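Below is one structure, written out as structure tokens, with a few remarks after it.
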Amino acid sequence: MSDITHSSGPKVGLFVTCLVDLMRPSVGFAAVKLLEEAGCQISVPESQTCCGQPAYNSGDTNNAKDIARLVVDEFENFDYVVAPSGSCAGMIKEHYPRLFADDLEMTARIFNLAKKTYELTSFLVDVMNVEELESRLEAKVTYHDSCAGLRELGIKSQPRQLLSEVAGVALEEYEEAETCCGFGGTFCVKYSDISDHMVKKSIAALGKTDAELVVGGDLGCLMNIQGKLSRQKDEGQASNLKVRHVAEVLAGMTDGPAIGEPE
Amino acid sequence: MSVVPSTSPNFKANVKEALADEQLQNALANIKNGFVRNRRIASERLAEFEALRDQARDIKTHTIEHLDVYLEIYQQNVEASGGQVHWAMDEVEARKIILEICQNADAKTVTKGKTMIGEEIGINEYLEENGIEPIETDLGEYIIQLRGEMPSHIIAPATHVSKEQVADAFKETHTELDADRSLEDADDLLAEARAMLRDKFIQADVGITGANFLIAETGSSVIVTNEGNGDLTQTLPKVHIALASIEKVVPTLEDVTTLLRVLARSATGQEISSYTTFSTGPRRATDLDGPEEYHVVIVDNGRTEMLAGDFSEMLRCIRCGACMNHCPVYNAVGGHAYGWVYPGPMGAVLTPGLMGLDEAAHLPQASTLCGKCEEVCPVRIPLPTLLRRWRDQVYARDLSDWMTKWGLKYWAMFAKRPALYNFLANPKMRLLAWWAKKHGHLKSIPTLKGWTENRNFPAPEGKTFHQLWKERK
């Protein structure tokens, strides 16, 4: 924990998530910026990889438990653990306790970790009471609720509340905001045809709005939506819709290319 | 294995077929503005709806925990009102009992109300094999019987069939009618079905219905319909057989009224269905109508085993269909793709329990675990949790496909070794980013074929977060 960036305020361990680490580190830096501005001291434990969800959702409980133990070891001593993902935060908060339900030794540690783990936007609003942001983006924006954030953690108002604080953002809801985009982790690879059908429906609904930018709290869903938009463009269906993680917009870090766009 | 053939092992091929079926896709598109919209309106109009769901859950949980007690009370009260209860351990026993009752009544034709347990035990085929003609009287069931299909939805069995297809099926089978008659309007179809069924109701020797509930304190069976066909099925013939699985019993009339309040709203968005009919025993001396014999066939068929295992919560299900109406996977592929009697999320949990996991291993996997089903379930069955429990068994019993198995092993090797992960992740991502730099995405990645056959793969930014964080310090 040598990399503390603030001298007062709660100590927050950033759970970067594997997708943000590998695919879009700028989301991690956006999260750091937002958390620092909210007055947190940020640490990023080096020995983190993934929350274990791919194993857990595939029935491989042994590997899921091994990975969960690593997360507990690395993160249990922070005041809070924050992830820029409803799905990974949900895994720690909702599913780790289930995973260790019959392990008395781990139960107390798991519950301790679960109760202080948050998804980024809900942490900023519900814990840090962030009411103002200094960011600006002139854009018509729509928000996609990712399933785990919405239904496991009840995240609905928090990202919208924060987006309304970004100067220039005009938020417009789209009809299928709460409908699964078809990502589903390994589902999108294993049942690619069904996943494809689902994401096409999401995109058709997005097309009915004036939004130029769709944002969300989970990179998996966003990569799925953008990947399909991009393929449809190859196939001649023009769309100007761009895709970004909500943290990028909230932190005012939208100068770089949007997801899947060339530099 | 079941006596009713299944195509669940061919799930992926079924899916391809379903997604390419334009007519089916048009039919599925109606669910959103029908069942889903109506449920939302109905539930929003009832302030106590969420509290009722809690009560409904508690009633079912309590009953299932004391199932032996309530089934015994139920039997006593059926017998006290002059009816007979028959117990069937499995589908084979259930079929035999029903056939025997029909043969004792010297039955030539049997009318049938809607019964999913009847589908589960394949009663129609069995009666036909034994020279008895079963006639479905629920319009949807009648249509799929003519078409030789399974239901594609538990409350709207012919939801996949278009009006034109119904007209075709009617012209093909109702050959005694004028071949040039018009069947363009839904009303024409309805009138014709009604006319065809009217005589059948009167001629039938036995009527078989399902039961939405069995009431322990009164010994009654309850059916919920919108067409009135169930009432004619159970009151006109000499013999009425109510066919139900063990978990249909509830303690009291009061309990049933609570469950009815969530059932219709969750299913069709109605406050109550057009007909809710209670049957208690055979016709009494003072009754104007009703059957001479009243039989209840109670089927276990794998439920006791579920009760004792990890899936007992599934036995709360009251068969409203809300989970499938709201399921994005069901809405994409329809009911037949699931390959057996019960589709959608409830089917994906129930089918492996009833048929065995080897037959149905795909079903619990084919879900994004989005949680919408649990959100709308009137008895709050944690369907995603139960789907995960099946996945645990699929993995433990080594029924996963090799891609999943080896993919997981490979991924876990890195996920469990942060040093190795960090050592390799950074150069790998930089390579991928360099490769994808020009377009910002990749059109094809051989190891991620499932992704890139339908979508582009967005390029990573380059260095990993951990690498950049180290450099920033």
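The way I read the labels, and the way they are meant: chains A, B, ... in the order of the structure tokens, residue 1 as the first residue of every chain, and ligand 1 as the first ligand shown, with later ones counted on from there.
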
Report as CSV the residues of chain B within 6 Å of chain A, each with its shortest atom pair and distance in Å (one decimal), using only C-alpha atoms, ordered by chain and increasing residue number.
residue,atom,partner,partner_atom,distance
B:Thr368,CA,A:Gly184,CA,4.1
B:Cys370,CA,A:Cys147,CA,5.1
B:Arg391,CA,A:Gly59,CA,4.6
B:Asp392,CA,A:Gly59,CA,3.6
B:Tyr395,CA,A:Gly59,CA,5.3
B:Ala415,CA,A:Thr49,CA,5.5
B:Lys416,CA,A:Ile67,CA,5.7
B:Pro418,CA,A:Ser47,CA,5.1
B:His439,CA,A:Pro262,CA,5.0
B:Gly440,CA,A:Pro262,CA,3.9
B:His441,CA,A:Gly260,CA,5.3
B:Gly450,CA,A:Val189,CA,4.1
B:Trp451,CA,A:Val189,CA,5.3
B:Arg455,CA,A:Lys228,CA,4.6
B:Asn456,CA,A:Gly227,CA,4.5
B:Phe457,CA,A:Gly227,CA,5.5
B:Pro458,CA,A:Gly260,CA,4.0
B:Ala459,CA,A:Gly260,CA,5.6
B:Pro460,CA,A:Met23,CA,4.1
B:Glu461,CA,A:Arg24,CA,5.6
B:Thr464,CA,A:Leu22,CA,5.1
B:Phe465,CA,A:Pro25,CA,4.4

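Proximity of B:Cys327, B:Pro237, B:Glu125, B:Leu260 to Arg283 in chain B, computed with only C-alpha atoms, is greatest for B:Pro237.
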
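Assigned to strand (DSSP E or B) in range 44-255 of chain A, given DSSP computed from backbone atoms, are Tyr80, Val81, Val82, Ala83, Thr117, Tyr118, Glu119, Arg136, Leu137, Glu138, Ala139, Lys140, Val141, Thr142, Tyr143, His144, Ala167, Gly168, Val169, Ala170, Leu171, Leu213, Val214, Val215, Gly216, Lys242, Val243, Arg244 and His245 of chain A.
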
Please identify all polymer residues within 12 Å of range 7-11 of chain A, counting only C-alpha atoms, omitting same-chain residues fewer than 5 positions from it, and present them as a tab-separated table (two decimals) with C-alpha atoms, in the first residue's frame.
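Resulting contents of selection_12.tsv:
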chain	number	residue	atom	x	y	z
A	1	MET	CA	0.00	0.00	0.00
A	35	LEU	CA	-12.37	8.89	-6.35
A	36	GLU	CA	-9.50	11.27	-5.62
A	37	GLU	CA	-11.68	14.28	-6.33
A	38	ALA	CA	-14.22	12.83	-3.92
A	39	GLY	CA	-11.50	12.85	-1.29
A	40	CYS	CA	-10.44	9.21	-1.17
A	41	GLN	CA	-6.97	7.77	-0.76
A	42	ILE	CA	-6.49	5.31	-3.58
A	43	SER	CA	-4.43	2.15	-3.61
A	44	VAL	CA	-4.19	-0.33	-6.42
A	75	PHE	CA	-8.50	-6.08	-0.30
A	76	GLU	CA	-9.87	-6.87	3.15
A	77	ASN	CA	-7.92	-4.16	4.96
A	78	PHE	CA	-9.19	-1.16	3.01
A	79	ASP	CA	-12.03	1.01	4.26
A	80	TYR	CA	-13.77	0.45	0.94
A	81	VAL	CA	-13.25	-1.54	-2.23
A	82	VAL	CA	-14.50	0.08	-5.43
A	116	LYS	CA	-17.57	-2.49	2.01
A	123	PHE	CA	-19.99	4.56	-4.14
A	127	VAL	CA	-21.09	6.80	0.27
A	128	MET	CA	-19.12	9.89	-0.75

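Each of B:Leu52, B:Asp188, B:Ala156, B:Lys200 was checked against Leu28 in chain B using only C-alpha atoms; the smallest atom-to-atom distance is that of B:Ala156.
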
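For range 100-110 of chain A, the non-local neighbours within 8 Å, defined as residues at least 2 positions apart in the same chain or in other chains and counting only C-alpha atoms, are A:Lys65, A:Val72, A:Glu76, A:Tyr96, A:Pro97, A:Arg98, A:Asn112, A:Leu113, A:Ala114.
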
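You will find CA of Ser43 in chain B at 11.9 Å from CA of Cys377 in chain B.
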